[in-house]
>>> print(open('final_26.txt').read())   # compact mmCIF, C-alpha atoms
# COMPACT_ATOMS: atom_id res chain seq x y z
CA MET A 1347 0.00 0.00 0.00
CA THR A 1348 1.36 3.33 -1.00
CA ALA A 1349 0.05 6.02 1.34
CA ALA A 1350 1.21 6.69 4.90
CA GLY A 1351 -0.23 8.50 7.91
CA GLU A 1352 -3.43 8.22 9.90
CA PRO A 1353 -5.58 5.54 8.19
CA ARG A 1354 -8.69 6.64 6.33
CA VAL A 1355 -9.57 3.01 5.68
CA SER A 1356 -9.30 -0.02 7.95
CA VAL A 1357 -9.49 -3.60 6.74
CA LEU A 1358 -11.00 -5.93 9.34
CA LEU A 1359 -10.21 -9.63 8.98
CA LEU A 1360 -12.03 -12.32 10.94
CA THR A 1361 -9.84 -15.42 11.24
CA ARG A 1362 -9.71 -18.92 12.65
CA ASP A 1363 -7.23 -21.53 11.44
CA GLY A 1364 -6.91 -19.77 8.12
CA MET A 1365 -3.45 -20.75 6.90
CA ALA A 1366 -4.83 -22.45 3.79
CA THR A 1367 -5.99 -19.11 2.36
CA LEU A 1368 -4.85 -16.26 4.60
CA PRO A 1369 -1.26 -15.81 3.29
CA ALA A 1370 -2.54 -15.10 -0.22
CA VAL A 1371 -5.16 -12.67 1.13
CA LEU A 1372 -2.51 -10.78 3.10
CA ASP A 1373 -0.28 -10.65 0.03
CA GLN A 1374 -3.10 -9.08 -1.97
CA LEU A 1375 -3.83 -6.57 0.78
CA ALA A 1376 -0.18 -5.53 0.78
CA ALA A 1377 -0.26 -5.14 -3.02
CA GLN A 1378 -3.14 -2.63 -3.07
CA ARG A 1379 -2.47 0.78 -4.59
CA THR A 1380 -4.37 3.64 -2.94
CA ASP A 1381 -3.98 7.36 -2.36
CA PHE A 1382 -5.09 7.01 1.29
CA ALA A 1383 -3.50 5.36 4.31
CA VAL A 1384 -4.76 1.90 5.29
CA GLU A 1385 -4.50 -0.27 8.39
CA VAL A 1386 -5.28 -3.98 8.78
CA VAL A 1387 -6.92 -5.24 11.97
CA ALA A 1388 -7.73 -8.88 12.74
CA VAL A 1389 -9.95 -10.65 15.24
CA ASP A 1390 -8.72 -14.23 15.66
CA SER A 1391 -10.89 -16.89 17.28
CA GLY A 1392 -8.31 -19.13 18.93
CA SER A 1393 -6.36 -20.34 15.87
CA ARG A 1394 -3.97 -23.24 16.36
CA ASP A 1395 -2.46 -23.60 12.87
CA GLY A 1396 -0.07 -20.62 12.85
CA THR A 1397 -2.67 -18.02 11.83
CA ALA A 1398 -2.18 -15.94 14.99
CA GLU A 1399 1.59 -15.93 14.56
CA LEU A 1400 1.29 -14.88 10.90
CA LEU A 1401 -1.11 -12.07 11.80
CA ALA A 1402 1.25 -10.80 14.50
CA GLN A 1403 3.89 -10.31 11.81
CA ARG A 1404 1.78 -8.85 9.03
CA VAL A 1405 -1.15 -6.80 10.35
CA ASP A 1406 -1.34 -3.67 12.47
CA ARG A 1407 -3.44 -5.00 15.33
CA VAL A 1408 -4.68 -8.43 16.46
CA LEU A 1409 -7.52 -9.04 18.89
CA THR A 1410 -7.96 -12.58 20.24
CA ILE A 1411 -11.15 -14.21 21.46
CA ALA A 1412 -12.04 -17.77 22.45
CA PRO A 1413 -13.85 -19.77 19.76
CA ARG A 1414 -16.94 -20.05 21.98
CA GLU A 1415 -17.12 -16.24 22.16
CA PHE A 1416 -17.50 -15.79 18.41
CA ASP A 1417 -20.73 -14.17 17.25
CA HIS A 1418 -21.25 -12.88 13.72
CA GLY A 1419 -22.57 -9.52 14.88
CA ALA A 1420 -20.84 -8.94 18.22
CA THR A 1421 -17.40 -10.03 16.97
CA ARG A 1422 -17.60 -7.64 14.05
CA ASN A 1423 -18.54 -4.87 16.46
CA LEU A 1424 -15.48 -5.69 18.54
CA GLY A 1425 -13.27 -5.45 15.48
CA VAL A 1426 -14.80 -2.28 14.07
CA GLU A 1427 -14.41 -0.62 17.47
CA ALA A 1428 -10.66 -1.30 17.28
CA CYS A 1429 -10.38 0.24 13.79
CA ARG A 1430 -9.38 3.88 13.22
CA GLY A 1431 -10.46 4.46 9.62
CA GLU A 1432 -13.59 6.38 8.67
CA LEU A 1433 -14.36 3.41 6.40
CA VAL A 1434 -14.00 -0.21 7.51
CA VAL A 1435 -13.67 -3.07 5.03
CA LEU A 1436 -15.10 -6.35 6.33
CA LEU A 1437 -13.29 -9.32 4.81
CA VAL A 1438 -13.27 -13.03 5.58
CA GLN A 1439 -10.05 -15.00 5.57
CA ASP A 1440 -10.83 -16.97 2.40
CA ALA A 1441 -12.05 -14.10 0.18
CA LEU A 1442 -9.13 -13.26 -2.13
CA PRO A 1443 -9.12 -9.71 -3.55
CA VAL A 1444 -8.57 -9.52 -7.31
CA GLY A 1445 -6.20 -6.87 -8.68
CA ILE A 1446 -4.29 -4.04 -7.08
CA ASP A 1447 -7.20 -1.58 -7.27
CA TRP A 1448 -9.75 -3.76 -5.41
CA LEU A 1449 -9.62 -1.59 -2.30
CA ALA A 1450 -9.83 1.67 -4.23
CA GLN A 1451 -12.84 0.39 -6.17
CA LEU A 1452 -14.67 -0.84 -3.07
CA THR A 1453 -14.23 2.41 -1.15
CA ALA A 1454 -14.64 4.96 -3.98
CA PRO A 1455 -18.46 5.11 -3.86
CA LEU A 1456 -18.40 5.80 -0.12
CA PHE A 1457 -15.93 8.64 -0.51
CA ALA A 1458 -18.04 10.09 -3.32
CA ASP A 1459 -21.51 9.71 -1.79
CA PRO A 1460 -22.10 10.58 1.90
CA THR A 1461 -25.57 8.98 1.81
CA LEU A 1462 -24.08 5.49 1.43
CA ALA A 1463 -23.69 3.40 4.58
CA GLY A 1464 -21.91 0.54 2.81
CA THR A 1465 -20.76 -1.17 -0.35
CA TYR A 1466 -20.28 -4.85 -1.10
CA ALA A 1467 -18.15 -6.61 -3.68
CA ARG A 1468 -18.66 -9.06 -6.50
CA GLN A 1469 -17.78 -12.71 -5.81
CA GLN A 1470 -16.28 -15.19 -8.25
CA PRO A 1471 -15.82 -18.94 -7.67
CA ARG A 1472 -12.46 -20.53 -7.02
CA PRO A 1473 -10.85 -22.17 -10.07
CA GLU A 1474 -11.41 -25.61 -8.57
CA ALA A 1475 -15.07 -24.96 -7.68
CA SER A 1476 -17.51 -27.73 -8.56
CA ALA A 1477 -20.20 -27.31 -11.20
CA LEU A 1478 -22.92 -27.21 -8.54
CA THR A 1479 -21.08 -24.57 -6.50
CA ARG A 1480 -20.69 -22.45 -9.63
CA PHE A 1481 -24.38 -22.87 -10.43
CA TYR A 1482 -25.54 -21.61 -7.05
CA LEU A 1483 -23.01 -18.79 -6.93
CA ASP A 1484 -24.15 -17.62 -10.37
CA GLY A 1485 -27.63 -17.17 -8.93
CA TRP A 1486 -26.44 -14.94 -6.10
CA VAL A 1487 -26.95 -11.19 -6.51
CA ALA A 1488 -23.33 -10.51 -5.53
CA THR A 1489 -22.11 -12.06 -8.78
CA ALA A 1490 -23.95 -9.69 -11.13
CA ASN A 1491 -22.07 -7.44 -13.55
CA GLU A 1492 -24.08 -4.26 -13.04
CA PRO A 1493 -23.89 -2.00 -9.96
CA ARG A 1494 -27.05 -1.11 -8.07
CA VAL A 1495 -28.01 1.28 -5.29
CA GLN A 1496 -30.46 0.09 -2.63
CA ALA A 1497 -32.72 2.46 -0.71
CA VAL A 1498 -36.00 2.49 1.21
CA ALA A 1499 -38.33 5.49 1.15
CA ASP A 1500 -39.64 4.93 4.66
CA ALA A 1501 -40.87 2.25 7.06
CA ALA A 1502 -44.35 2.22 5.53
CA ALA A 1503 -42.98 1.66 2.03
CA PHE A 1504 -40.77 -1.15 3.35
CA ALA A 1505 -43.71 -2.80 5.12
CA ALA A 1506 -45.70 -2.69 1.87
CA LEU A 1507 -43.11 -4.83 0.07
CA SER A 1508 -43.46 -8.58 -0.26
CA PRO A 1509 -41.07 -10.73 1.82
CA TYR A 1510 -38.97 -11.46 -1.28
CA GLU A 1511 -38.80 -7.75 -2.12
CA ARG A 1512 -37.75 -6.88 1.44
CA LEU A 1513 -34.91 -9.37 1.27
CA ALA A 1514 -33.86 -8.14 -2.18
CA VAL A 1515 -33.57 -4.51 -1.10
CA CYS A 1516 -31.70 -5.53 2.08
CA THR A 1517 -29.21 -7.85 0.40
CA PHE A 1518 -25.73 -7.09 1.72
CA ASP A 1519 -22.83 -9.54 1.87
CA ASP A 1520 -19.97 -8.99 4.30
CA VAL A 1521 -17.85 -11.75 2.81
CA CYS A 1522 -16.37 -8.57 1.33
CA SER A 1523 -17.96 -5.24 2.12
CA CYS A 1524 -17.10 -1.75 3.30
CA ILE A 1525 -19.09 0.18 5.90
CA ARG A 1526 -19.01 3.79 7.01
CA ARG A 1527 -17.99 3.98 10.67
CA ALA A 1528 -20.38 6.89 11.25
CA ALA A 1529 -23.28 4.67 10.16
CA TRP A 1530 -21.98 1.81 12.29
CA ARG A 1531 -21.62 4.10 15.31
CA ALA A 1532 -25.30 4.96 15.05
CA ILE A 1533 -26.38 1.44 14.09
CA PRO A 1534 -23.95 -1.32 15.14
CA PHE A 1535 -24.41 -4.95 14.20
CA ARG A 1536 -26.88 -6.86 16.32
CA PRO A 1537 -25.55 -9.95 18.13
CA THR A 1538 -26.69 -12.90 16.02
CA PRO A 1539 -25.46 -16.36 14.99
CA ILE A 1540 -26.07 -15.67 11.27
CA ALA A 1541 -27.38 -13.10 8.75
CA GLU A 1542 -25.83 -10.14 10.57
CA ASP A 1543 -25.21 -8.41 7.24
CA VAL A 1544 -28.78 -8.35 5.94
CA GLU A 1545 -30.10 -7.41 9.37
CA TRP A 1546 -27.68 -4.46 9.53
CA ALA A 1547 -28.66 -3.53 5.97
CA ARG A 1548 -32.33 -3.48 6.96
CA ASP A 1549 -31.60 -1.26 9.97
CA VAL A 1550 -29.48 1.30 8.11
CA LEU A 1551 -31.90 1.46 5.17
CA LEU A 1552 -34.82 2.12 7.50
CA ALA A 1553 -32.71 4.85 9.11
CA GLY A 1554 -32.39 6.62 5.74
CA TRP A 1555 -28.98 5.41 4.53
CA ARG A 1556 -28.36 3.77 1.16
CA LEU A 1557 -26.24 0.78 0.07
CA ARG A 1558 -24.40 0.04 -3.18
CA TYR A 1559 -23.47 -3.24 -4.82
CA THR A 1560 -20.04 -2.54 -6.32
CA PRO A 1561 -19.05 -5.19 -8.87
CA GLU A 1562 -15.97 -3.16 -9.84
CA ALA A 1563 -14.40 -4.68 -6.69
CA VAL A 1564 -14.00 -8.45 -7.01
CA VAL A 1565 -13.03 -11.26 -4.64
CA ILE A 1566 -12.58 -14.96 -5.30
CA HIS A 1567 -14.69 -16.85 -2.80
CA SER A 1568 -16.61 -20.13 -2.83
CA HIS A 1569 -17.06 -23.21 -0.64
CA GLU A 1570 -17.51 -26.94 -1.14
CA ARG A 1571 -19.52 -27.55 2.01
CA SER A 1572 -20.95 -30.91 2.98
CA ALA A 1573 -24.68 -31.60 2.87
CA ARG A 1574 -24.73 -31.82 6.66
CA HIS A 1575 -23.12 -28.40 6.95
CA GLU A 1576 -25.46 -26.88 4.37
CA LEU A 1577 -28.51 -28.31 6.13
CA ARG A 1578 -27.54 -26.67 9.40
CA ARG A 1579 -26.51 -23.39 7.80
CA THR A 1580 -29.59 -23.17 5.58
CA ARG A 1581 -31.88 -23.96 8.51
CA GLU A 1582 -30.31 -21.22 10.63
CA SER A 1583 -30.30 -18.63 7.87
CA HIS A 1584 -33.90 -19.25 6.83
CA ALA A 1585 -35.07 -19.04 10.42
CA ARG A 1586 -33.49 -15.58 10.52
CA LEU A 1587 -34.90 -14.57 7.12
CA ALA A 1588 -38.38 -15.55 8.27
CA ALA A 1589 -37.96 -13.54 11.46
CA LEU A 1590 -36.51 -10.49 9.71
CA PHE A 1591 -38.60 -10.32 6.55
CA GLY A 1592 -41.48 -12.77 6.97
CA LEU A 1593 -39.92 -14.88 4.22
CA ARG A 1594 -40.78 -18.59 4.05
CA THR A 1595 -39.50 -20.03 0.78
CA ILE A 1596 -40.88 -23.53 1.47
CA PRO A 1597 -43.84 -23.07 3.82
CA THR A 1598 -45.58 -26.47 3.65
CA ALA A 1599 -44.81 -30.18 3.44
CA GLY A 1600 -46.30 -30.23 -0.04
CA ALA A 1601 -44.02 -27.40 -1.14
CA LEU A 1602 -41.08 -29.33 0.33
CA LEU A 1603 -41.90 -32.39 -1.79
CA ARG A 1604 -42.07 -30.22 -4.91
CA ALA A 1605 -38.81 -28.49 -3.96
CA TRP A 1606 -37.05 -31.84 -3.53
CA ALA A 1607 -38.21 -32.95 -6.97
CA GLY A 1608 -37.09 -29.68 -8.56
CA ALA A 1609 -33.72 -29.70 -6.80
CA LEU A 1610 -33.10 -33.29 -7.87
CA ARG A 1611 -33.78 -32.48 -11.53
CA THR A 1612 -31.60 -29.37 -11.37
CA HIS A 1613 -28.69 -31.07 -9.63
CA LEU A 1614 -28.72 -34.00 -12.03
CA ARG A 1615 -28.67 -31.60 -14.99
CA VAL A 1616 -25.88 -29.44 -13.58
CA THR A 1617 -23.63 -32.40 -12.72
CA ALA A 1618 -24.45 -34.53 -15.79
CA ARG A 1619 -20.88 -34.23 -17.08
CA GLN A 1620 -19.31 -34.45 -13.62
CA PRO A 1621 -20.15 -37.94 -12.28
CA ARG A 1622 -17.78 -37.53 -9.33
CA GLU A 1623 -19.98 -34.73 -8.04
CA LEU A 1624 -23.17 -36.79 -8.12
CA PRO A 1625 -23.18 -38.11 -4.50
CA ARG A 1626 -22.81 -34.63 -3.04
CA ALA A 1627 -25.30 -33.23 -5.54
CA LEU A 1628 -27.92 -35.79 -4.50
CA ALA A 1629 -27.32 -35.12 -0.81
CA LEU A 1630 -27.62 -31.36 -1.34
CA ALA A 1631 -30.85 -31.83 -3.30
CA VAL A 1632 -32.29 -33.14 -0.04
CA ALA A 1633 -30.45 -30.87 2.42
CA LEU A 1634 -31.03 -27.44 0.89
CA PRO A 1635 -34.85 -27.59 0.58
CA LEU A 1636 -35.13 -29.32 3.96
CA GLY A 1637 -33.09 -26.56 5.62
CA GLN A 1638 -35.36 -23.90 4.11
CA TYR A 1639 -38.48 -25.71 5.26
CA LEU A 1640 -37.24 -26.37 8.80
CA GLY A 1641 -35.88 -22.86 9.26
CA GLY A 1642 -39.12 -21.21 8.17
CA ARG A 1643 -41.15 -23.55 10.35
CA GLU A 1644 -39.01 -22.76 13.43
CA ALA A 1645 -39.50 -19.03 12.95
CA ALA A 1646 -43.25 -19.46 12.47
>>> encode(input="final_26.txt", output="structure tokens")
Amino acid sequence: MTAAGEPRVSVLLLTRDGMATLPAVLDQLAAQRTDFAVEVVAVDSGSRDGTAELLAQRVDRVLTIAPREFDHGATRNLGVEACRGELVVLLVQDALPVGIDWLAQLTAPLFADPTLAGTYARQQPRPEASALTRFYLDGWVATANEPRVQAVADAAAFAALSPYERLAVCTFDDVCSCIRRAAWRAIPFRPTPIAEDVEWARDVLLAGWRLRYTPEAVVIHSHERSARHELRRTRESHARLAALFGLRTIPTAGALLRAWAGALRTHLRVTARQPRELPRALALAVALPLGQYLGGREAA
């Protein structure tokens, strides 16, 4: 990074046993070219693989918590509180910035527009990503080519939206995002086990701020999670989406049966030329709809 002095931008990394991906992320952070000073702060959740030692050598400040203390909202608040920049980039340890102008691109809209509370980046799959992982990532809004600004006129207008429309306007992904500390000071993250980003987005939008999807900034990020992991994660996230937005994507047992049939057809089509992926694809065809159904039912 080229500029020196008091940081205008802080990069906040959340880490735990990240040595498989973290060195490359730190290399890319160091390669960024900006006309403002930058600091890197990390919150490490009890790493045992050398992550903490690497961070001590390569970032400006490291906070350490026990793994049992981690919370998606509260831990981010802890990290942002330790940052000095007027803008804070939220980045996970396995999201690899692309190019030397990634940081400049992600922060530029916030410097230009004081009504923005945050920006979030475009995500691309890892080179080794499976066909099914690529399929689902392609359907995520944070892979689109075109930028968009998200705003809510007022609480009444928000309440008049359908559950799907409420989620769409509140989409915000802190795999890689940047938030304005002034907005965070007024509206910090709520303690929560999941979906802290869309809940914060809802709160700042209702307070009159705006958000911008910024595809000019790109990170490489994807996962090959097991069906068991996806069942738990989908169940938790859809319980939160139902509580936050009234969204139940699979509300009945009949809808679940139809969703299973549709997922099976889709997964077989997507993996037709990748027979090695078939066992996981079949397991996910069961797990993903079931997680949506169970999560919505719990919230109801």
>>> closest_residue(input="final_26.txt", among="A:Ile1533, A:Ala1477, A:Val1389, A:Leu1409", to="A:Thr1617", atoms="all atoms listed in the file")
A:Ala1477
>>> closest_residue(input="final_26.txt", among="A:Leu1452, A:Ile1525, A:Ala1505, A:Leu1372", to="A:Asn1423", atoms="all atoms listed in the file")
A:Ile1525
>>> residues_around(input="final_26.txt", residues="A:Thr1421", least_positions_apart="2", cutoff="12 Å", atoms="all atoms listed in the file", output="number ranges by chain")
A: 1358-1361, 1388-1391, 1409-1419, 1423-1428, 1436, 1534-1540, 1542
>>> closest_residue(input="final_26.txt", among="A:Phe1504, A:Phe1518, A:Trp1530, A:Phe1481", to="A:Leu1552", atoms="only C-alpha atoms")
A:Phe1504
>>> closest_residue(input="final_26.txt", among="A:Ala1633, A:Ala1573, A:Ala1645, A:Leu1587", to="A:Tyr1510", atoms="all atoms listed in the file")
A:Leu1587
>>> residues_around(input="final_26.txt", residues="stretch 1576-1579 of chain A", least_positions_apart="4", cutoff="12 Å", atoms="only C-alpha atoms", output="list in words")
Thr1479, Pro1539, Ile1540, Ala1541, His1569, Glu1570, Arg1571, Ser1572, Ser1583, His1584, Ala1585, Arg1586, Arg1626, Ala1627, Ala1629, Leu1630, Ala1631, Val1632, Ala1633, Leu1634, Pro1635, Leu1636, Gly1637, Gln1638, Tyr1639, Leu1640 and Gly1641 of chain A
>>> atom_distance(input="final_26.txt", atom1="atom CA of A:Cys1522", atom2="atom CA of A:Leu1442")
9.3 Å
>>> closest_residue(input="final_26.txt", among="A:Ala1454, A:Ala1420, A:Val1564, A:Ala1506", to="A:Ala1490", atoms="only C-alpha atoms")
A:Val1564
>>> closest_residue(input="final_26.txt", among="A:Ala1441, A:Val1498, A:Val1355, A:Ala1609", to="A:Gln1374", atoms="all atoms listed in the file")
A:Ala1441
>>> residues_near_point(input="final_26.txt", point="(-5.1, -13.6, 8.4)", cutoff="9 Å", atoms="all atoms listed in the file", output="JSON list (two decimals) with C-alpha atoms, keeping the file's coordinate frame")
[["chain", "number", "residue", "atom", "x", "y", "z"],
["A", 1359, "LEU", "CA", -10.21, -9.63, 8.98],
["A", 1360, "LEU", "CA", -12.03, -12.32, 10.94],
["A", 1361, "THR", "CA", -9.84, -15.42, 11.24],
["A", 1362, "ARG", "CA", -9.71, -18.92, 12.65],
["A", 1363, "ASP", "CA", -7.23, -21.53, 11.44],
["A", 1364, "GLY", "CA", -6.91, -19.77, 8.12],
["A", 1365, "MET", "CA", -3.45, -20.75, 6.90],
["A", 1367, "THR", "CA", -5.99, -19.11, 2.36],
["A", 1368, "LEU", "CA", -4.85, -16.26, 4.60],
["A", 1369, "PRO", "CA", -1.26, -15.81, 3.29],
["A", 1371, "VAL", "CA", -5.16, -12.67, 1.13],
["A", 1372, "LEU", "CA", -2.51, -10.78, 3.10],
["A", 1388, "ALA", "CA", -7.73, -8.88, 12.74],
["A", 1389, "VAL", "CA", -9.95, -10.65, 15.24],
["A", 1390, "ASP", "CA", -8.72, -14.23, 15.66],
["A", 1397, "THR", "CA", -2.67, -18.02, 11.83],
["A", 1398, "ALA", "CA", -2.18, -15.94, 14.99],
["A", 1400, "LEU", "CA", 1.29, -14.88, 10.90],
["A", 1401, "LEU", "CA", -1.11, -12.07, 11.80],
["A", 1404, "ARG", "CA", 1.78, -8.85, 9.03],
["A", 1405, "VAL", "CA", -1.15, -6.80, 10.35],
["A", 1438, "VAL", "CA", -13.27, -13.03, 5.58],
["A", 1439, "GLN", "CA", -10.05, -15.00, 5.57],
["A", 1440, "ASP", "CA", -10.83, -16.97, 2.40]]
>>> atom_distance(input="final_26.txt", atom1="atom CA of A:Thr1453", atom2="atom CA of A:Cys1524")
6.7 Å
>>> atom_distance(input="final_26.txt", atom1="atom CA of A:Cys1516", atom2="atom CA of A:Arg1354")
26.4 Å
>>> residues_around(input="final_26.txt", residues="A:Thr1489", least_positions_apart="2", cutoff="7 Å", atoms="all atoms listed in the file", output="PyMOL selection string")
chain A and resi 1468-1470+1484+1486-1487+1491
>>> residues_around(input="final_26.txt", residues="A:Thr1461", least_positions_apart="6", cutoff="12 Å", atoms="all atoms listed in the file", output="PyMOL selection string")
chain A and resi 1455+1495-1497+1525-1526+1528-1529+1550-1551+1553-1558
